[in-house]
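Participant: Okay, here's the structure, questions in a sec.
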Amino acid sequence: MKYDPQKIEPKWQAHWEKEFLFKAVEDPSREKYYLMEMFPYPSGKIHMGHVRNYTIGDVVARYKSMCGKSVLHPMGWDAFGMPAENAAIENNTHPEKWTYDNIKAMKTQLKRMGFSYDWDRELATCEPEYYRWEQLVFLKMYEKGLAYKKRTHVNWCEKCQSVLANEQVENGCCWRHTDNEVSIKEMDSWFLKITAYADEILEYCDKLPGWPERVLTMQKNWIGKSHGAVIRFPLVGSTDVIEVFTTRQDTLFGATFLCFAPEHPMVKEMVKGLPEEGKVLRFIEHTLKTETYLRTSDFTAKEGVFTGRYCVNPVTEEEIPIYVANFVLAEYGTGAIMAVPTHDQRDFEFAKEYGLPLRVVITPPDRLIREETMEEAYTDEGILVNSGPFNGQENLMALESIAEYLESKGMGRKTTNFRIRDWGISRQRYWGAPIPIIYCDGCGVVPVPAEDLPVVLPLDLDMRPNGGSPLPFEPSFYDTTCPQCGKKARRETDTMDTFMESSWYFDRYTCPDYDKGPLDIEKVDYWMPVDQYIGGIEHAILHLLYSRFYTRVLRDFGYLKVSEPFTNMLTQGMVCKETEECPEHGYLYPYEVLEGRCVKCGAEVITGNTVKMSKSKRNVVDPQDLIDRFGADTVRIFCLFASPPEKDLEWSDQGVEGSFRFLNRVWRLVVDNVEELTGVPVYKGEEALTRPLKSLHRKTHQTIKKVTRDIEDRFHFNTAISAVMELVNEVYQYLGSGDNGGDIGWRVVREAVESVVLLLSPVVPHVADELWSMLGHRQCLIQVSWPSYREDALEIENMLIVIQVNGKVRSKILVPASYSREDIQAEALADERVQRFVEGKTIKKVIVVPNKLVNVVV
RNA sequence: GCGAGAGUGGCGGAAUUGGUAGACGCGCUGGAUUUAGGAUCCAGUGGGGUAACCUGUAGGGGUUCGAGUCCCCUCUCUCGCACCA
């Protein structure tokens, strides 16, 4: 009988669908386990990035379920609508109308694409019931001051009718419409006060041992807590005071000018009517068009313009000029900085450019620096000079006392500052939960009363021709009456960021039918936190930070009890591939390229860098061909064998046949020996074994140990699979050796073969279940426990000792495992080859590493 | 630019705490088997050298009996940078 995946895969898929699929499983005989997606086997068309995602998540889920542990992996929460809306923006094609049928069709399509979707426990994030509770939580946040509205400056592309992130602006133009200059638009947006929880989230970073270190480091840097002071600079000719944040209050005596961010609200006010006004306004407009990271780059010229106004340095009482500068960011600190050109490189460059005065206030211990001869700022530690009462102190030691001094004189206060900004959740999109707010001319901002929730998306709308949100053009949606005064009012037409949905879906999954509030605290308390969360490394900051924030908000509202949503975290790398671009037709799919030329126009294709697969770059691979040829199991084992999951992978089909060959090898191992194997019971360690059998038995248990550790500790399926391959090779070697162990021999072989099937079952579920049933078992593998190894089976008789002379390997010897340190050393020095290298030299030292190695130093 | 990560044969990758570099697989070479094709099996495979041996983990320096692994510098690539989600 041949291994034919096309026959066995549908059979087992049907079986699982009937027995297990899409059911959360609770089994009192096991600790607790919970699988959001039981077997999302790759079938149908799948975007390549998701094969890896789903394969890994599914494999971990299967493994953990055999060990009795809970696991959750995200089920493509961003898949329910956003891709379609993005496609609409990019191509103006799909879909034409936002209708319920369309949305339903899209979901069906997604299911066909391999996004397993739990229809019985309807919980797509676009469902009205989900919106109801999300909107309720939002309103509660509004009530508590955790949600607020603020005016902001954003990059706006007319053609997309959408806001662009900084990185989406290329040379001042939109990334989708490279000919369209991006404009700066002022708009009102809703924000969530993630900063209120920044301290707690930061502190808990050190209490998450199950998270990858690099993710936590990135989050810590993102939050960016720093200690410093806010200093008040009175504005000359006014009662206004300018507040400045600094971490370097020790340099205050050297502050010789002050810079504002172009966005700072005080600037326009300050220059009104002055001769400088026109110049300042032009500079602001110009600067805002530059991408933020170019603005703050070390290589960008520091540009600025004098405002015509002065303020007073509170400690020196000098009047110092005020500038607007391109390198000052509105979002950080107070949006204004005190400039100390002698001790900050950016300030130094700026001062040189505009001829501003310098004053040294920190001097290095070993030399003198003078303003006239300085070529760069002095940013190291030193002794304070020109600093009034603080002269002679070490600058770092004086930080605290200067802050206290300022506080006592009313010139400022100590403070901590965070780099992280509040979370802007307003989106000018159709897809997303509407923000439940009504604007009334008389009453102002009025929240939608709880009993009127949910505010749902209207259906049967035409797509806007340019892709923007249709909601501001839909009177049936925005026309409403004020809940307070009853007069005509207008609904907020922005929707919420879909990161809102992804921030708590895992909580709602535990009680999707609950209708008395967002969450059934008993159920959430039983399941949460998630034992194992799996997601791409691209979510290391935003999604994972927002989830941690949202969980705390829900906790403080009494909806759940945990602070941290995910105990263990696996961030998988991305599947990458080089991009191909036609000068005429833009990015091309791989099948649109033939021999380096565009199939549409024949133009030579430009091969770009290897970047993560994405639909917008079209560097995606359709695994369907491979699945058709080799079956889903082969594609699964191949993907997992290619590299460890946290690493990025450059996609290549090369070697997929090797994986198919291996599965055939395992298949034949069972099929060719099925009678002998099923004729005997599994060896359980009762009888003494001959040498070759003992060695095979040992290998079996070594493999179980290794595979278990590789999966359990670090999800390194590639090494786990290679260990199983080694065991398979060893079984073949034993069978081919002609050693006739009789019944007992077959019993040991059966133990090895059954271990192979069990160890592979998370990776290749279809073929494993088929082989398992061939071996005479009734139970499906998902119900069988993970194998365990026995310590006594691992014992060895001999150990291999490597002998080095001066750190170079010169010989290897095999000694009994019972040998002591001294025995090993004596044996090593007596070795003939070692003798040769030692001859005529004096032995200085001999290092013996137990069970491993001897190094002779001569 | 800032933050994070990575760099090992022709290729994907392996190498607990510093202790045999290249496990496992692909590819390649030779052989066996087969009417042929496919499949399967056996042997070899970092580079140099007949060999002893030398050399080798992006490049340069350091610590150590011993460095792919630890420290410093340089280069290259990837991810994130807040409205792609």
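Following the order of the structure tokens, first chain is A, next is B, and so on, with residues numbered from 1 inside each chain and ligands from 1 in the order they appear.
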How close does chain B get to chain A? List, as a tab-separated table, each residue of chain B within 9 Å, its nearest atom pair and the distance in Å to one decimal, counting only C-alpha atoms (C1' of nucleotides).
Facilitator:
```
residue	atom	partner	partner_atom	distance
B:G1	C1'	A:Ser297	CA	4.0
B:C2	C1'	A:Tyr293	CA	8.3
B:G3	C1'	A:Met218	CA	6.5
B:A4	C1'	A:Met218	CA	6.0
B:G5	C1'	A:Arg214	CA	7.8
B:A6	C1'	A:Lys647	CA	8.6
B:C11	C1'	A:Gln654	CA	8.4
B:G12	C1'	A:Ala642	CA	5.6
B:G13	C1'	A:Ser643	CA	6.5
B:A14	C1'	A:Thr719	CA	7.5
B:G19	C1'	A:Leu853	CA	6.7
B:U20	C1'	A:Val802	CA	6.3
B:A23	C1'	A:Ser722	CA	8.2
B:C24	C1'	A:Ser722	CA	4.5
B:G25	C1'	A:Gly658	CA	6.8
B:C26	C1'	A:Gly655	CA	4.6
B:G27	C1'	A:Gly655	CA	8.6
B:C65	C1'	A:Val857	CA	6.1
B:G66	C1'	A:Gly807	CA	5.1
B:C77	C1'	A:Thr610	CA	9.0
B:U78	C1'	A:Val611	CA	7.3
B:C79	C1'	A:Glu538	CA	6.7
B:G80	C1'	A:Glu538	CA	6.6
B:C81	C1'	A:Glu167	CA	7.9
B:A82	C1'	A:Trp423	CA	7.7
B:C83	C1'	A:Val163	CA	5.2
B:C84	C1'	A:Asn86	CA	8.0
B:A85	C1'	A:Asp78	CA	6.2
```
Participant: Where does DSSP see strand (DSSP E or B) in range 629-811 of chain A, if you list the residues as a VMD selection string?
Facilitator: chain A and resid 649 to 650 798 to 805 808 to 811
Participant: How many Å separate CA of Asp199 in chain A from CA of Lys414 in chain A?
Facilitator: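 Computed distance, CA of Asp199 in chain A to CA of Lys414 in chain A, equals 16.3 Å.
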Participant: Give me the residues near range 515-519 of chain A as a short mmCIF file (atom, residue, chain, number, x, y, z; two decimals) with all heavy atoms, in the first residue's frame, where near means some atom within 9 Å (using only C-alpha atoms (C1' of nucleotides)) and where sequence neighbours in that chain fewer than 2 positions away do not count.
Facilitator:
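Contents of result36.cif, as written:
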```cif
data_model
loop_
_atom_site.label_atom_id
_atom_site.label_comp_id
_atom_site.auth_asym_id
_atom_site.auth_seq_id
_atom_site.Cartn_x
_atom_site.Cartn_y
_atom_site.Cartn_z
N GLU A 129 -22.91 42.31 18.71
CA GLU A 129 -22.81 42.05 20.14
C GLU A 129 -21.42 42.38 20.67
O GLU A 129 -21.25 42.85 21.78
CB GLU A 129 -23.17 40.60 20.48
CG GLU A 129 -24.66 40.36 20.64
CD GLU A 129 -25.31 41.35 21.60
OE1 GLU A 129 -25.03 41.28 22.82
OE2 GLU A 129 -26.07 42.22 21.14
N TYR A 130 -20.43 42.11 19.86
CA TYR A 130 -19.07 42.42 20.26
C TYR A 130 -18.89 43.93 20.33
O TYR A 130 -18.28 44.46 21.25
CB TYR A 130 -18.09 41.80 19.26
CG TYR A 130 -16.67 41.72 19.74
CD1 TYR A 130 -16.29 40.80 20.71
CD2 TYR A 130 -15.69 42.55 19.22
CE1 TYR A 130 -14.98 40.70 21.15
CE2 TYR A 130 -14.38 42.48 19.65
CZ TYR A 130 -14.02 41.54 20.61
OH TYR A 130 -12.72 41.46 21.04
N ARG A 132 -21.21 46.05 20.93
CA ARG A 132 -21.96 46.59 22.08
C ARG A 132 -21.05 46.70 23.29
O ARG A 132 -20.94 47.73 23.93
CB ARG A 132 -23.14 45.67 22.42
CG ARG A 132 -23.91 46.13 23.67
CD ARG A 132 -24.75 45.00 24.26
NE ARG A 132 -25.74 44.49 23.32
CZ ARG A 132 -26.93 45.06 23.09
NH1 ARG A 132 -27.27 46.15 23.75
NH2 ARG A 132 -27.76 44.54 22.22
N TRP A 133 -20.34 45.60 23.58
CA TRP A 133 -19.55 45.58 24.81
C TRP A 133 -18.28 46.43 24.67
O TRP A 133 -17.83 47.05 25.63
CB TRP A 133 -19.23 44.14 25.20
CG TRP A 133 -20.50 43.34 25.35
CD1 TRP A 133 -20.87 42.24 24.63
CD2 TRP A 133 -21.58 43.64 26.23
NE1 TRP A 133 -22.12 41.82 25.01
CE2 TRP A 133 -22.58 42.66 26.00
CE3 TRP A 133 -21.83 44.62 27.18
CZ2 TRP A 133 -23.79 42.65 26.69
CZ3 TRP A 133 -23.03 44.60 27.87
CH2 TRP A 133 -23.99 43.62 27.62
N GLU A 134 -17.77 46.47 23.48
CA GLU A 134 -16.59 47.30 23.26
C GLU A 134 -16.95 48.78 23.43
O GLU A 134 -16.21 49.56 24.03
CB GLU A 134 -16.07 47.04 21.86
CG GLU A 134 -14.67 47.55 21.67
CD GLU A 134 -14.07 46.91 20.44
OE1 GLU A 134 -13.72 45.71 20.52
OE2 GLU A 134 -13.98 47.59 19.42
N LEU A 136 -19.42 49.90 25.17
CA LEU A 136 -19.72 50.12 26.58
C LEU A 136 -18.44 50.42 27.36
O LEU A 136 -18.37 51.34 28.17
CB LEU A 136 -20.41 48.89 27.16
CG LEU A 136 -21.01 49.09 28.55
CD1 LEU A 136 -22.41 49.67 28.43
CD2 LEU A 136 -21.07 47.77 29.31
N VAL A 137 -17.41 49.61 27.08
CA VAL A 137 -16.12 49.81 27.76
C VAL A 137 -15.54 51.18 27.38
O VAL A 137 -15.03 51.91 28.23
CB VAL A 137 -15.14 48.67 27.41
CG1 VAL A 137 -13.75 48.99 27.93
CG2 VAL A 137 -15.63 47.35 28.00
N ASP A 507 -10.36 37.34 25.80
CA ASP A 507 -11.21 37.29 26.99
C ASP A 507 -12.63 36.90 26.59
O ASP A 507 -13.26 36.05 27.21
CB ASP A 507 -11.27 38.66 27.68
CG ASP A 507 -9.90 39.11 28.18
OD1 ASP A 507 -9.22 38.30 28.81
OD2 ASP A 507 -9.53 40.27 27.92
N ARG A 508 -13.11 37.53 25.54
CA ARG A 508 -14.48 37.29 25.11
C ARG A 508 -14.66 35.86 24.59
O ARG A 508 -15.74 35.30 24.68
CB ARG A 508 -14.84 38.32 24.04
CG ARG A 508 -16.24 38.26 23.48
CD ARG A 508 -17.32 38.71 24.47
NE ARG A 508 -18.65 38.47 23.93
CZ ARG A 508 -19.80 38.69 24.57
NH1 ARG A 508 -19.80 39.18 25.79
NH2 ARG A 508 -20.95 38.43 24.00
N THR A 510 -13.78 33.31 25.94
CA THR A 510 -14.10 32.39 27.02
C THR A 510 -15.59 32.40 27.35
O THR A 510 -16.06 31.53 28.06
CB THR A 510 -13.31 32.73 28.30
OG1 THR A 510 -13.74 34.01 28.76
CG2 THR A 510 -11.81 32.76 28.03
N CYS A 511 -16.30 33.43 26.88
CA CYS A 511 -17.74 33.51 27.19
C CYS A 511 -18.46 34.25 26.08
O CYS A 511 -19.05 35.30 26.30
CB CYS A 511 -17.95 34.23 28.53
SG CYS A 511 -17.07 35.81 28.63
N PRO A 512 -18.41 33.70 24.87
CA PRO A 512 -18.94 34.45 23.71
C PRO A 512 -20.45 34.67 23.76
O PRO A 512 -20.95 35.57 23.10
CB PRO A 512 -18.55 33.57 22.52
CG PRO A 512 -18.34 32.22 23.07
CD PRO A 512 -17.86 32.40 24.47
N ASP A 513 -21.16 33.86 24.55
CA ASP A 513 -22.61 34.00 24.56
C ASP A 513 -23.12 34.84 25.72
O ASP A 513 -24.32 35.07 25.85
CB ASP A 513 -23.26 32.60 24.65
CG ASP A 513 -22.75 31.70 23.54
OD1 ASP A 513 -22.61 32.21 22.41
OD2 ASP A 513 -22.47 30.52 23.81
N ILE A 521 -17.23 37.01 34.47
CA ILE A 521 -15.98 37.01 35.24
C ILE A 521 -15.56 35.62 35.70
O ILE A 521 -14.38 35.29 35.75
CB ILE A 521 -16.05 38.00 36.43
CG1 ILE A 521 -14.65 38.22 37.02
CG2 ILE A 521 -17.03 37.53 37.48
CD1 ILE A 521 -14.51 39.45 37.85
N GLU A 522 -16.53 34.74 35.96
CA GLU A 522 -16.19 33.39 36.41
C GLU A 522 -15.46 32.62 35.32
O GLU A 522 -14.45 31.96 35.57
CB GLU A 522 -17.44 32.63 36.82
CG GLU A 522 -17.80 32.89 38.27
CD GLU A 522 -19.06 32.15 38.67
OE1 GLU A 522 -19.25 31.01 38.20
OE2 GLU A 522 -19.84 32.72 39.45
N LYS A 523 -16.01 32.70 34.13
CA LYS A 523 -15.37 31.96 33.03
C LYS A 523 -14.02 32.56 32.68
O LYS A 523 -13.06 31.83 32.46
CB LYS A 523 -16.29 31.97 31.80
CG LYS A 523 -17.47 31.06 31.98
CD LYS A 523 -18.01 30.61 30.64
CE LYS A 523 -19.00 29.47 30.85
NZ LYS A 523 -20.02 29.43 29.81
N VAL A 524 -13.97 33.87 32.62
CA VAL A 524 -12.70 34.53 32.29
C VAL A 524 -11.67 34.17 33.35
O VAL A 524 -10.51 33.88 33.04
CB VAL A 524 -12.88 36.06 32.22
CG1 VAL A 524 -11.55 36.73 31.91
CG2 VAL A 524 -13.89 36.42 31.15
N TYR A 559 -14.11 43.70 35.36
CA TYR A 559 -14.61 42.70 34.42
C TYR A 559 -13.77 41.42 34.44
O TYR A 559 -14.19 40.38 33.96
CB TYR A 559 -14.63 43.25 32.99
CG TYR A 559 -15.65 44.34 32.80
CD1 TYR A 559 -15.30 45.57 32.22
CD2 TYR A 559 -16.97 44.14 33.17
CE1 TYR A 559 -16.23 46.57 32.05
CE2 TYR A 559 -17.92 45.14 33.00
CZ TYR A 559 -17.54 46.36 32.43
OH TYR A 559 -18.47 47.34 32.26
N LEU A 560 -12.54 41.52 34.90
CA LEU A 560 -11.70 40.33 35.04
C LEU A 560 -10.68 40.57 36.15
O LEU A 560 -10.61 41.67 36.70
CB LEU A 560 -11.03 39.96 33.71
CG LEU A 560 -10.31 41.04 32.89
CD1 LEU A 560 -9.01 41.43 33.50
CD2 LEU A 560 -10.06 40.50 31.49
#
```
Participant: Taking the DSSP secondary structure from the backbone, can you list the residues of range 564-786 of chain A that are helix (DSSP H, G or I), as an MDAnalysis selection string?
Facilitator: chainID A and resid 590:592 624:630 632:642 656:671 674:678 691:714 717:736 742:760 765:774 781:783
Participant: Could you state the separation of CA of Met374 in chain A and CA of Ala336 in chain A in Å, given to one decimal place?
Facilitator: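 Value for the CA of Met374 in chain A-CA of Ala336 in chain A distance: 25.3 Å.
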Participant: Using only C-alpha atoms (C1' of nucleotides), which protein or nucleic acid residues come within 9 Å of U8 in chain B? Drop anything in the same chain fewer than 5 positions from it, and give the result as an MDAnalysis selection string.
Facilitator: chainID B and resid 21:22 57 68
Participant: Next, the residues of the selection above should be written as a PDB file, in the first residue's frame with C-alpha atoms (C1' of nucleotides).
Facilitator:
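Everything below was put into result06.pdb:
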```pdb
ATOM      1  C1'   A B  21      32.044  23.250  14.364  1.00  0.00           C
ATOM      2  C1'   G B  22      28.844  21.588  10.260  1.00  0.00           C
ATOM      3  C1'   U B  57      31.592  30.310  11.983  1.00  0.00           C
ATOM      4  C1'   G B  68      30.359  30.149  16.549  1.00  0.00           C
TER       5        G B  68
END
```
Participant: In Å, rounded to a single decimal, give me how far CA of Leu727 in chain A is from CA of Trp667 in chain A.
Facilitator: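 That distance, rounded to one decimal, is 14.2 Å.
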Participant: Give me the residues within 12 Å of range 738-747 of chain A as a VMD selection string, counting only C-alpha atoms (C1' of nucleotides) and dropping any in the same chain fewer than 3 places off.
Facilitator: chain A and resid 670 673 to 697 731 to 735 750 to 754
Participant: With N, CA and C atoms retained, could you export that selection as a tab-separated table (two decimals), in the first residue's frame?
Facilitator:
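Result written to selection15.tsv:
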```tsv
chain	number	residue	atom	x	y	z
A	670	VAL	N	6.03	1.23	8.94
A	670	VAL	CA	4.85	0.61	9.54
A	670	VAL	C	4.24	-0.42	8.58
A	673	ASN	N	6.04	-3.73	7.92
A	673	ASN	CA	6.24	-4.62	9.07
A	673	ASN	C	5.00	-4.74	9.92
A	674	VAL	N	3.84	-4.44	9.31
A	674	VAL	CA	2.65	-4.29	10.14
A	674	VAL	C	2.28	-5.58	10.87
A	675	GLU	N	2.51	-6.72	10.22
A	675	GLU	CA	2.11	-7.99	10.87
A	675	GLU	C	2.97	-8.28	12.08
A	676	GLU	N	4.29	-8.14	11.91
A	676	GLU	CA	5.20	-8.40	13.03
A	676	GLU	C	4.92	-7.43	14.17
A	677	LEU	N	4.71	-6.17	13.82
A	677	LEU	CA	4.53	-5.15	14.86
A	677	LEU	C	3.25	-5.36	15.65
A	678	THR	N	2.16	-5.63	14.95
A	678	THR	CA	0.89	-5.79	15.67
A	678	THR	C	0.79	-7.14	16.37
A	679	GLY	N	1.74	-8.03	16.06
A	679	GLY	CA	1.71	-9.35	16.68
A	679	GLY	C	2.31	-9.40	18.08
A	680	VAL	N	2.95	-8.32	18.49
A	680	VAL	CA	3.60	-8.33	19.81
A	680	VAL	C	3.21	-7.11	20.61
A	681	PRO	N	3.29	-7.19	21.95
A	681	PRO	CA	3.05	-5.97	22.76
A	681	PRO	C	4.28	-5.08	22.77
A	682	VAL	N	4.06	-3.83	23.14
A	682	VAL	CA	5.16	-2.88	23.22
A	682	VAL	C	6.10	-3.25	24.36
A	683	TYR	N	7.41	-3.16	24.11
A	683	TYR	CA	8.40	-3.43	25.16
A	683	TYR	C	8.31	-2.36	26.23
A	684	LYS	N	8.23	-2.82	27.50
A	684	LYS	CA	8.04	-1.85	28.58
A	684	LYS	C	9.22	-1.86	29.54
A	685	GLY	N	10.33	-2.48	29.14
A	685	GLY	CA	11.51	-2.45	30.00
A	685	GLY	C	11.59	-3.61	30.97
A	686	GLU	N	10.75	-4.67	30.78
A	686	GLU	CA	10.73	-5.78	31.73
A	686	GLU	C	11.98	-6.64	31.62
A	687	GLU	N	12.29	-7.13	30.40
A	687	GLU	CA	13.38	-8.09	30.24
A	687	GLU	C	14.69	-7.40	29.88
A	688	ALA	N	15.78	-8.06	30.21
A	688	ALA	CA	17.10	-7.56	29.83
A	688	ALA	C	17.25	-7.69	28.31
A	689	LEU	N	18.04	-6.78	27.71
A	689	LEU	CA	18.15	-6.75	26.26
A	689	LEU	C	19.57	-7.02	25.80
A	690	THR	N	19.68	-7.51	24.57
A	690	THR	CA	21.00	-7.65	23.97
A	690	THR	C	21.52	-6.26	23.62
A	691	ARG	N	22.80	-6.18	23.32
A	691	ARG	CA	23.42	-4.89	23.06
A	691	ARG	C	22.74	-4.05	22.00
A	692	PRO	N	22.52	-4.58	20.78
A	692	PRO	CA	21.89	-3.73	19.76
A	692	PRO	C	20.48	-3.29	20.14
A	693	LEU	N	19.74	-4.17	20.79
A	693	LEU	CA	18.38	-3.79	21.19
A	693	LEU	C	18.41	-2.75	22.30
A	694	LYS	N	19.35	-2.91	23.20
A	694	LYS	CA	19.47	-1.95	24.29
A	694	LYS	C	19.76	-0.57	23.71
A	695	SER	N	20.59	-0.55	22.70
A	695	SER	CA	20.96	0.72	22.09
A	695	SER	C	19.77	1.36	21.36
A	696	LEU	N	18.97	0.54	20.70
A	696	LEU	CA	17.78	1.07	20.03
A	696	LEU	C	16.77	1.59	21.07
A	697	HIS	N	16.62	0.80	22.14
A	697	HIS	CA	15.72	1.19	23.22
A	697	HIS	C	16.16	2.53	23.82
A	731	VAL	N	16.22	2.75	13.45
A	731	VAL	CA	15.33	1.57	13.35
A	731	VAL	C	15.63	0.83	12.05
A	732	TYR	N	15.76	1.58	10.95
A	732	TYR	CA	16.08	0.95	9.67
A	732	TYR	C	17.41	0.21	9.75
A	733	GLN	N	18.37	0.86	10.43
A	733	GLN	CA	19.68	0.25	10.55
A	733	GLN	C	19.60	-1.07	11.32
A	734	TYR	N	18.80	-1.06	12.38
A	734	TYR	CA	18.65	-2.29	13.17
A	734	TYR	C	18.00	-3.38	12.33
A	735	LEU	N	16.90	-3.01	11.63
A	735	LEU	CA	16.18	-4.00	10.84
A	735	LEU	C	17.07	-4.55	9.72
A	750	ARG	N	8.69	-2.08	18.00
A	750	ARG	CA	7.36	-1.50	18.08
A	750	ARG	C	7.36	-0.27	18.99
A	751	GLU	N	8.08	-0.35	20.08
A	751	GLU	CA	8.18	0.81	20.97
A	751	GLU	C	8.75	2.01	20.20
A	752	ALA	N	9.80	1.74	19.42
A	752	ALA	CA	10.43	2.82	18.66
A	752	ALA	C	9.47	3.39	17.62
A	753	VAL	N	8.80	2.50	16.89
A	753	VAL	CA	7.92	2.95	15.80
A	753	VAL	C	6.72	3.72	16.37
A	754	GLU	N	6.15	3.22	17.43
A	754	GLU	CA	5.00	3.94	18.01
A	754	GLU	C	5.43	5.30	18.55
```
Participant: A:Tyr505, A:Phe715, A:Phe233, A:Phe660: which is nearest Leu406 in chain A, counting only C-alpha atoms?
Facilitator: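 Of all the options, A:Phe233 lies closest to Leu406 in chain A.
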Participant: Would you list the contacts of Ala603 in chain A as number ranges by chain, taking every protein, DNA or RNA residue within 12 Å and counting only C-alpha atoms (C1' of nucleotides), but skipping same-chain residues closer than 2 positions in sequence?
Facilitator: A: 580-586, 588, 592-601, 605-606
Participant: May I have the residues within 12 Å of range 389-395 of chain A as a list in words, using only C-alpha atoms (C1' of nucleotides) and disregarding those fewer than 4 positions away in the same chain?
Facilitator: Arg248, Gln249, Asp250, Thr251, Leu252, Phe253, Val315, Thr316, His343, Val360, Val361, Ile362, Thr363, Pro364, Pro365, Thr379, Asp380, Glu381, Gly382, Ile383, Leu384, Val385, Leu399, Glu400, Ser401, Ile402, Ala403 and Tyr405 of chain A
Participant: Could you save the residues just selected, with N, CA and C atoms, as a CSV table (one decimal), in the first residue's frame?
Facilitator:
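Just written: again-v2.csv:
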```csv
chain,number,residue,atom,x,y,z
A,248,ARG,N,18.1,66.9,31.8
A,248,ARG,CA,19.4,67.4,32.1
A,248,ARG,C,19.3,68.8,32.8
A,249,GLN,N,18.6,68.9,33.8
A,249,GLN,CA,18.4,70.1,34.5
A,249,GLN,C,19.8,70.6,35.1
A,250,ASP,N,20.8,69.7,35.1
A,250,ASP,CA,22.1,70.1,35.6
A,250,ASP,C,22.8,71.1,34.6
A,251,THR,N,22.2,71.1,33.4
A,251,THR,CA,22.8,72.1,32.4
A,251,THR,C,22.0,73.4,32.3
A,252,LEU,N,21.1,73.6,33.1
A,252,LEU,CA,20.2,74.7,33.0
A,252,LEU,C,20.9,76.1,32.9
A,253,PHE,N,22.0,76.2,33.7
A,253,PHE,CA,22.7,77.5,33.6
A,253,PHE,C,23.4,77.7,32.3
A,315,VAL,N,17.2,80.7,36.2
A,315,VAL,CA,18.3,80.8,37.2
A,315,VAL,C,19.3,81.8,36.8
A,316,THR,N,19.5,82.1,35.6
A,316,THR,CA,20.5,83.1,35.2
A,316,THR,C,19.8,84.5,35.1
A,343,HIS,N,26.4,71.3,25.7
A,343,HIS,CA,26.3,69.9,26.2
A,343,HIS,C,25.3,69.1,25.5
A,360,VAL,N,29.8,77.1,28.7
A,360,VAL,CA,30.2,75.8,29.3
A,360,VAL,C,29.7,75.8,30.8
A,361,VAL,N,29.0,74.7,31.2
A,361,VAL,CA,28.6,74.6,32.6
A,361,VAL,C,29.1,73.3,33.2
A,362,ILE,N,29.7,72.4,32.3
A,362,ILE,CA,30.2,71.2,32.9
A,362,ILE,C,31.6,71.1,32.3
A,363,THR,N,32.6,70.8,33.2
A,363,THR,CA,33.9,70.7,32.7
A,363,THR,C,34.5,69.3,33.0
A,364,PRO,N,35.2,68.7,32.0
A,364,PRO,CA,35.7,67.4,32.3
A,364,PRO,C,36.8,67.5,33.4
A,365,PRO,N,37.0,66.4,34.1
A,365,PRO,CA,37.9,66.4,35.2
A,365,PRO,C,39.4,66.6,34.8
A,379,THR,N,29.3,65.9,26.1
A,379,THR,CA,28.1,65.3,26.7
A,379,THR,C,28.5,64.3,27.8
A,380,ASP,N,29.7,64.2,28.2
A,380,ASP,CA,30.1,63.3,29.3
A,380,ASP,C,29.9,63.9,30.7
A,381,GLU,N,30.3,63.1,31.7
A,381,GLU,CA,30.2,63.6,33.0
A,381,GLU,C,31.3,64.7,33.3
A,382,GLY,N,31.0,65.4,34.4
A,382,GLY,CA,32.1,66.4,34.8
A,382,GLY,C,31.6,67.2,36.0
A,383,ILE,N,32.4,68.3,36.2
A,383,ILE,CA,32.1,69.2,37.4
A,383,ILE,C,31.4,70.4,36.9
A,384,LEU,N,30.4,70.8,37.7
A,384,LEU,CA,29.6,72.0,37.3
A,384,LEU,C,30.4,73.3,37.5
A,385,VAL,N,30.4,74.2,36.5
A,385,VAL,CA,31.0,75.5,36.6
A,385,VAL,C,29.9,76.5,36.1
A,399,LEU,N,21.8,66.5,39.9
A,399,LEU,CA,20.5,66.5,39.2
A,399,LEU,C,19.4,66.6,40.2
A,400,GLU,N,19.5,65.9,41.3
A,400,GLU,CA,18.4,65.9,42.3
A,400,GLU,C,18.3,67.2,43.0
A,401,SER,N,19.5,67.8,43.4
A,401,SER,CA,19.4,69.0,44.2
A,401,SER,C,19.0,70.2,43.4
A,402,ILE,N,19.3,70.2,42.1
A,402,ILE,CA,18.9,71.3,41.2
A,402,ILE,C,17.4,71.2,41.0
A,403,ALA,N,16.9,70.0,40.8
A,403,ALA,CA,15.4,69.8,40.7
A,403,ALA,C,14.7,70.3,41.9
A,405,TYR,N,15.8,72.5,44.1
A,405,TYR,CA,16.0,73.9,44.2
A,405,TYR,C,15.0,74.6,43.3
```
